[in-house]
Amino acid sequence: MAAKAITFVLATSAVVALAAQTRINPTDPQPTCNMCPGYYIPLSELQAYTKKAIDENLLDQQVRDIEIGKAHVGIGMVHRGKLDKPGTDSVAEHDLVSEVYHIVDGTATLVLGADITNRQRRPATLRTVVEFNGPGNNGSEIRNGKTYQLKPGDVVVIPAGTGHLFTKIDDHIDYLMVRIDPDKVTPTKDEAASKAYLSKPASREP
């Protein structure tokens, strides 16, 4: 009987020790995206999106939307044509998705700020809302905003909730967009979906 009790204690101790080893150790954190692959997007594919934008008169296009564990990261290419004066475009704001612009070509004037006048909810059915940047608002202007003169090589970080408005585009501006989506409100898009999209004319929003 004593031998059985000792055996039981030893077995229980082994299970407890194994369980302790498998607990999350705060001094040794594990990856939040377990065994996730890396991703590569060639320049030729990004350039194909810019060409498609020019050929088909498109503005914003999503190249990838990638699962990274606790968030999604979107990669987009944006082409904007000449804009002569303020008031011909509206302020954009996204509730949940932050954005990073890397200017590739062209120059423009961009205003950033959180105090937006005449907010109007974007329709939930818009492709940009559903696929690119989630729910948000448009507005008339940004009060007390900060103005930036953008040129190739510049980087702009726009947190969720911050309004952004181009008030002038000298001829055109092309930029790579990185979208940070911690709430995963946007659907993923892989390389195969990107190739399929590039192979045919883009459908238009209603």
# chains A, B, ... in the order shown; residues from 1 in each chain; ligands from 1
$ residues_around --residues "Thr167 in chain A" --least-positions-apart "2" --cutoff "8 Å" --atoms "only C-alpha atoms" --output "list of chain:residue names"
A:Leu83, A:Asp84, A:Lys85, A:Pro86, A:Gly87, A:Asp89, A:Ala108, A:Thr109, A:Leu110, A:Val111, A:Leu165, A:Ile169
$ write_last_selection --atoms "N, CA, C and O atoms" --output "PDB file, in the first residue's frame"
ATOM      1  N   LEU A  83      -4.919  67.599 -57.939  1.00  0.00           N
ATOM      2  CA  LEU A  83      -5.942  68.269 -57.136  1.00  0.00           C
ATOM      3  C   LEU A  83      -5.499  69.709 -56.960  1.00  0.00           C
ATOM      4  O   LEU A  83      -4.469  69.980 -56.343  1.00  0.00           O
ATOM      5  N   ASP A  84      -6.275  70.632 -57.514  1.00  0.00           N
ATOM      6  CA  ASP A  84      -5.845  72.028 -57.567  1.00  0.00           C
ATOM      7  C   ASP A  84      -6.124  72.824 -56.305  1.00  0.00           C
ATOM      8  O   ASP A  84      -5.363  73.717 -55.945  1.00  0.00           O
ATOM      9  N   LYS A  85      -7.224  72.512 -55.619  1.00  0.00           N
ATOM     10  CA  LYS A  85      -7.613  73.377 -54.512  1.00  0.00           C
ATOM     11  C   LYS A  85      -8.362  72.598 -53.446  1.00  0.00           C
ATOM     12  O   LYS A  85      -8.964  71.561 -53.721  1.00  0.00           O
ATOM     13  N   PRO A  86      -8.369  73.097 -52.197  1.00  0.00           N
ATOM     14  CA  PRO A  86      -9.132  72.451 -51.121  1.00  0.00           C
ATOM     15  C   PRO A  86     -10.622  72.485 -51.422  1.00  0.00           C
ATOM     16  O   PRO A  86     -11.103  73.336 -52.189  1.00  0.00           O
ATOM     17  N   GLY A  87     -11.347  71.564 -50.813  1.00  0.00           N
ATOM     18  CA  GLY A  87     -12.793  71.566 -50.933  1.00  0.00           C
ATOM     19  C   GLY A  87     -13.335  70.614 -51.969  1.00  0.00           C
ATOM     20  O   GLY A  87     -14.542  70.372 -52.024  1.00  0.00           O
ATOM     21  N   ASP A  89     -12.228  67.494 -52.176  1.00  0.00           N
ATOM     22  CA  ASP A  89     -12.111  66.174 -51.551  1.00  0.00           C
ATOM     23  C   ASP A  89     -12.671  66.286 -50.141  1.00  0.00           C
ATOM     24  O   ASP A  89     -12.896  67.384 -49.637  1.00  0.00           O
ATOM     25  N   ALA A 108       2.460  66.419 -52.814  1.00  0.00           N
ATOM     26  CA  ALA A 108       1.117  66.814 -52.421  1.00  0.00           C
ATOM     27  C   ALA A 108       1.139  67.489 -51.062  1.00  0.00           C
ATOM     28  O   ALA A 108       2.137  67.420 -50.330  1.00  0.00           O
ATOM     29  N   THR A 109       0.016  68.137 -50.728  1.00  0.00           N
ATOM     30  CA  THR A 109      -0.174  68.760 -49.423  1.00  0.00           C
ATOM     31  C   THR A 109      -1.223  67.951 -48.659  1.00  0.00           C
ATOM     32  O   THR A 109      -2.328  67.737 -49.164  1.00  0.00           O
ATOM     33  N   LEU A 110      -0.875  67.511 -47.457  1.00  0.00           N
ATOM     34  CA  LEU A 110      -1.755  66.681 -46.633  1.00  0.00           C
ATOM     35  C   LEU A 110      -1.976  67.361 -45.283  1.00  0.00           C
ATOM     36  O   LEU A 110      -1.036  67.858 -44.673  1.00  0.00           O
ATOM     37  N   VAL A 111      -3.230  67.369 -44.834  1.00  0.00           N
ATOM     38  CA  VAL A 111      -3.576  67.916 -43.523  1.00  0.00           C
ATOM     39  C   VAL A 111      -4.025  66.771 -42.617  1.00  0.00           C
ATOM     40  O   VAL A 111      -4.836  65.928 -43.023  1.00  0.00           O
ATOM     41  N   LEU A 165      -6.630  64.645 -45.014  1.00  0.00           N
ATOM     42  CA  LEU A 165      -7.221  65.327 -46.161  1.00  0.00           C
ATOM     43  C   LEU A 165      -6.120  65.878 -47.060  1.00  0.00           C
ATOM     44  O   LEU A 165      -5.255  66.637 -46.601  1.00  0.00           O
ATOM     45  N   ILE A 169      -2.690  68.361 -54.801  1.00  0.00           N
ATOM     46  CA  ILE A 169      -1.797  67.373 -55.406  1.00  0.00           C
ATOM     47  C   ILE A 169      -1.260  68.025 -56.675  1.00  0.00           C
ATOM     48  O   ILE A 169      -2.028  68.373 -57.575  1.00  0.00           O
TER      49      ILE A 169
END
$ residues_around --residues "range 32-38 of chain A" --least-positions-apart "6" --cutoff "7 Å" --atoms "only C-alpha atoms" --output "PDB file with N, CA and C atoms, in the first residue's frame"
ATOM      1  N   ILE A  68      -1.381  38.199 -38.854  1.00  0.00           N
ATOM      2  CA  ILE A  68      -0.099  38.165 -38.128  1.00  0.00           C
ATOM      3  C   ILE A  68      -0.289  37.790 -36.658  1.00  0.00           C
ATOM      4  N   GLY A  69      -1.355  37.063 -36.354  1.00  0.00           N
ATOM      5  CA  GLY A  69      -1.591  36.622 -34.983  1.00  0.00           C
ATOM      6  C   GLY A  69      -2.618  37.478 -34.289  1.00  0.00           C
ATOM      7  N   LYS A  70      -2.187  38.570 -33.655  1.00  0.00           N
ATOM      8  CA  LYS A  70      -3.102  39.432 -32.917  1.00  0.00           C
ATOM      9  C   LYS A  70      -3.697  40.546 -33.773  1.00  0.00           C
TER      10      LYS A  70
END
$ residues_around --residues "range 112-119 of chain A" --least-positions-apart "6" --cutoff "7 Å" --atoms "only C-alpha atoms" --output "list in words"
Asn137, Asn138, Gly139, Ser140, Glu141, Ile142, Arg143, Gly145, Lys146, Thr147, Gly161, Thr162, Gly163, His164 and Leu165 of chain A
$ select_by_dssp --residues "chain A" --states "helix (DSSP H, G or I)" --output "ChimeraX atom specification"
/A:2-22,43-56,127-133,191-198
$ residues_around --residues "range 52-57 of chain A" --least-positions-apart "6" --cutoff "8 Å" --atoms "only C-alpha atoms" --output "list of chain:residue names"
A:Val78, A:His79, A:Leu198, A:Pro201, A:Ala202
$ write_last_selection --atoms "C-alpha atoms" --output "PDB file, in the first residue's frame"
ATOM      1  CA  VAL A  78      -2.796  54.339 -53.884  1.00  0.00           C
ATOM      2  CA  HIS A  79      -2.700  56.612 -56.935  1.00  0.00           C
ATOM      3  CA  LEU A 198      -4.875  42.047 -61.496  1.00  0.00           C
ATOM      4  CA  PRO A 201     -10.911  44.781 -64.885  1.00  0.00           C
ATOM      5  CA  ALA A 202     -11.776  45.948 -61.395  1.00  0.00           C
TER       6      ALA A 202
END
$ decode --residues "range 40-68 of chain A" --atoms "N, CA, C and O atoms" --output "PDB file, in the first residue's frame"
ATOM      1  N   TYR A  40       6.323  38.004 -49.059  1.00  0.00           N
ATOM      2  CA  TYR A  40       7.138  38.786 -49.985  1.00  0.00           C
ATOM      3  C   TYR A  40       6.244  39.316 -51.088  1.00  0.00           C
ATOM      4  O   TYR A  40       5.424  38.579 -51.660  1.00  0.00           O
ATOM      5  N   ILE A  41       6.381  40.603 -51.388  1.00  0.00           N
ATOM      6  CA  ILE A  41       5.635  41.217 -52.486  1.00  0.00           C
ATOM      7  C   ILE A  41       6.653  41.885 -53.403  1.00  0.00           C
ATOM      8  O   ILE A  41       7.311  42.849 -52.999  1.00  0.00           O
ATOM      9  N   PRO A  42       6.812  41.418 -54.637  1.00  0.00           N
ATOM     10  CA  PRO A  42       7.815  41.995 -55.530  1.00  0.00           C
ATOM     11  C   PRO A  42       7.400  43.384 -56.019  1.00  0.00           C
ATOM     12  O   PRO A  42       6.204  43.701 -56.105  1.00  0.00           O
ATOM     13  N   LEU A  43       8.394  44.188 -56.357  1.00  0.00           N
ATOM     14  CA  LEU A  43       8.137  45.516 -56.883  1.00  0.00           C
ATOM     15  C   LEU A  43       7.263  45.462 -58.126  1.00  0.00           C
ATOM     16  O   LEU A  43       6.397  46.319 -58.331  1.00  0.00           O
ATOM     17  N   SER A  44       7.460  44.451 -58.960  1.00  0.00           N
ATOM     18  CA  SER A  44       6.682  44.339 -60.196  1.00  0.00           C
ATOM     19  C   SER A  44       5.183  44.243 -59.915  1.00  0.00           C
ATOM     20  O   SER A  44       4.357  44.793 -60.664  1.00  0.00           O
ATOM     21  N   GLU A  45       4.818  43.572 -58.825  1.00  0.00           N
ATOM     22  CA  GLU A  45       3.395  43.462 -58.479  1.00  0.00           C
ATOM     23  C   GLU A  45       2.845  44.806 -58.007  1.00  0.00           C
ATOM     24  O   GLU A  45       1.731  45.205 -58.383  1.00  0.00           O
ATOM     25  N   LEU A  46       3.626  45.523 -57.196  1.00  0.00           N
ATOM     26  CA  LEU A  46       3.191  46.842 -56.740  1.00  0.00           C
ATOM     27  C   LEU A  46       3.037  47.793 -57.928  1.00  0.00           C
ATOM     28  O   LEU A  46       2.069  48.564 -57.999  1.00  0.00           O
ATOM     29  N   GLN A  47       3.984  47.736 -58.868  1.00  0.00           N
ATOM     30  CA  GLN A  47       3.906  48.588 -60.050  1.00  0.00           C
ATOM     31  C   GLN A  47       2.700  48.225 -60.914  1.00  0.00           C
ATOM     32  O   GLN A  47       2.098  49.107 -61.546  1.00  0.00           O
ATOM     33  N   ALA A  48       2.331  46.949 -60.930  1.00  0.00           N
ATOM     34  CA  ALA A  48       1.151  46.536 -61.686  1.00  0.00           C
ATOM     35  C   ALA A  48      -0.116  47.168 -61.120  1.00  0.00           C
ATOM     36  O   ALA A  48      -1.036  47.516 -61.873  1.00  0.00           O
ATOM     37  N   TYR A  49      -0.164  47.348 -59.797  1.00  0.00           N
ATOM     38  CA  TYR A  49      -1.314  48.015 -59.181  1.00  0.00           C
ATOM     39  C   TYR A  49      -1.372  49.493 -59.571  1.00  0.00           C
ATOM     40  O   TYR A  49      -2.447  50.030 -59.849  1.00  0.00           O
ATOM     41  N   THR A  50      -0.217  50.149 -59.602  1.00  0.00           N
ATOM     42  CA  THR A  50      -0.207  51.556 -60.012  1.00  0.00           C
ATOM     43  C   THR A  50      -0.633  51.692 -61.472  1.00  0.00           C
ATOM     44  O   THR A  50      -1.413  52.588 -61.826  1.00  0.00           O
ATOM     45  N   LYS A  51      -0.137  50.812 -62.338  1.00  0.00           N
ATOM     46  CA  LYS A  51      -0.537  50.844 -63.744  1.00  0.00           C
ATOM     47  C   LYS A  51      -2.043  50.614 -63.883  1.00  0.00           C
ATOM     48  O   LYS A  51      -2.730  51.295 -64.664  1.00  0.00           O
ATOM     49  N   LYS A  52      -2.570  49.672 -63.124  1.00  0.00           N
ATOM     50  CA  LYS A  52      -4.005  49.391 -63.176  1.00  0.00           C
ATOM     51  C   LYS A  52      -4.809  50.606 -62.716  1.00  0.00           C
ATOM     52  O   LYS A  52      -5.851  50.935 -63.286  1.00  0.00           O
ATOM     53  N   ALA A  53      -4.314  51.284 -61.683  1.00  0.00           N
ATOM     54  CA  ALA A  53      -4.993  52.480 -61.186  1.00  0.00           C
ATOM     55  C   ALA A  53      -5.072  53.552 -62.266  1.00  0.00           C
ATOM     56  O   ALA A  53      -6.116  54.196 -62.459  1.00  0.00           O
ATOM     57  N   ILE A  54      -3.959  53.749 -62.984  1.00  0.00           N
ATOM     58  CA  ILE A  54      -3.932  54.765 -64.045  1.00  0.00           C
ATOM     59  C   ILE A  54      -4.811  54.344 -65.221  1.00  0.00           C
ATOM     60  O   ILE A  54      -5.614  55.136 -65.735  1.00  0.00           O
ATOM     61  N   ASP A  55      -4.687  53.089 -65.637  1.00  0.00           N
ATOM     62  CA  ASP A  55      -5.438  52.609 -66.803  1.00  0.00           C
ATOM     63  C   ASP A  55      -6.937  52.587 -66.576  1.00  0.00           C
ATOM     64  O   ASP A  55      -7.729  52.850 -67.495  1.00  0.00           O
ATOM     65  N   GLU A  56      -7.359  52.274 -65.324  1.00  0.00           N
ATOM     66  CA  GLU A  56      -8.784  52.094 -65.045  1.00  0.00           C
ATOM     67  C   GLU A  56      -9.361  53.196 -64.166  1.00  0.00           C
ATOM     68  O   GLU A  56     -10.491  53.081 -63.675  1.00  0.00           O
ATOM     69  N   ASN A  57      -8.578  54.256 -63.966  1.00  0.00           N
ATOM     70  CA  ASN A  57      -9.029  55.396 -63.164  1.00  0.00           C
ATOM     71  C   ASN A  57      -9.457  54.967 -61.758  1.00  0.00           C
ATOM     72  O   ASN A  57     -10.549  55.287 -61.280  1.00  0.00           O
ATOM     73  N   LEU A  58      -8.561  54.234 -61.090  1.00  0.00           N
ATOM     74  CA  LEU A  58      -8.810  53.748 -59.737  1.00  0.00           C
ATOM     75  C   LEU A  58      -8.012  54.585 -58.744  1.00  0.00           C
ATOM     76  O   LEU A  58      -7.050  55.262 -59.105  1.00  0.00           O
ATOM     77  N   LEU A  59      -8.384  54.502 -57.482  1.00  0.00           N
ATOM     78  CA  LEU A  59      -7.708  55.283 -56.450  1.00  0.00           C
ATOM     79  C   LEU A  59      -6.942  54.380 -55.486  1.00  0.00           C
ATOM     80  O   LEU A  59      -5.720  54.325 -55.490  1.00  0.00           O
ATOM     81  N   ASP A  60      -7.667  53.649 -54.671  1.00  0.00           N
ATOM     82  CA  ASP A  60      -7.097  52.841 -53.594  1.00  0.00           C
ATOM     83  C   ASP A  60      -7.302  51.369 -53.927  1.00  0.00           C
ATOM     84  O   ASP A  60      -8.406  50.952 -54.279  1.00  0.00           O
ATOM     85  N   GLN A  61      -6.229  50.585 -53.811  1.00  0.00           N
ATOM     86  CA  GLN A  61      -6.321  49.148 -54.073  1.00  0.00           C
ATOM     87  C   GLN A  61      -5.559  48.383 -52.998  1.00  0.00           C
ATOM     88  O   GLN A  61      -4.462  48.779 -52.607  1.00  0.00           O
ATOM     89  N   GLN A  62      -6.154  47.283 -52.553  1.00  0.00           N
ATOM     90  CA  GLN A  62      -5.524  46.450 -51.531  1.00  0.00           C
ATOM     91  C   GLN A  62      -4.735  45.332 -52.198  1.00  0.00           C
ATOM     92  O   GLN A  62      -5.290  44.538 -52.962  1.00  0.00           O
ATOM     93  N   VAL A  63      -3.436  45.275 -51.922  1.00  0.00           N
ATOM     94  CA  VAL A  63      -2.556  44.280 -52.513  1.00  0.00           C
ATOM     95  C   VAL A  63      -2.577  42.988 -51.698  1.00  0.00           C
ATOM     96  O   VAL A  63      -2.667  41.881 -52.235  1.00  0.00           O
ATOM     97  N   ARG A  64      -2.461  43.120 -50.384  1.00  0.00           N
ATOM     98  CA  ARG A  64      -2.500  41.981 -49.465  1.00  0.00           C
ATOM     99  C   ARG A  64      -3.251  42.384 -48.200  1.00  0.00           C
ATOM    100  O   ARG A  64      -3.306  43.568 -47.841  1.00  0.00           O
ATOM    101  N   ASP A  65      -3.786  41.401 -47.500  1.00  0.00           N
ATOM    102  CA  ASP A  65      -4.261  41.580 -46.129  1.00  0.00           C
ATOM    103  C   ASP A  65      -3.840  40.325 -45.385  1.00  0.00           C
ATOM    104  O   ASP A  65      -4.313  39.233 -45.686  1.00  0.00           O
ATOM    105  N   ILE A  66      -2.928  40.481 -44.429  1.00  0.00           N
ATOM    106  CA  ILE A  66      -2.176  39.354 -43.879  1.00  0.00           C
ATOM    107  C   ILE A  66      -2.491  39.148 -42.402  1.00  0.00           C
ATOM    108  O   ILE A  66      -2.509  40.093 -41.616  1.00  0.00           O
ATOM    109  N   GLU A  67      -2.719  37.907 -42.028  1.00  0.00           N
ATOM    110  CA  GLU A  67      -2.904  37.504 -40.633  1.00  0.00           C
ATOM    111  C   GLU A  67      -1.543  37.437 -39.956  1.00  0.00           C
ATOM    112  O   GLU A  67      -0.634  36.729 -40.404  1.00  0.00           O
ATOM    113  N   ILE A  68      -1.381  38.199 -38.854  1.00  0.00           N
ATOM    114  CA  ILE A  68      -0.099  38.165 -38.128  1.00  0.00           C
ATOM    115  C   ILE A  68      -0.289  37.790 -36.658  1.00  0.00           C
ATOM    116  O   ILE A  68       0.506  38.165 -35.804  1.00  0.00           O
TER     117      ILE A  68
END
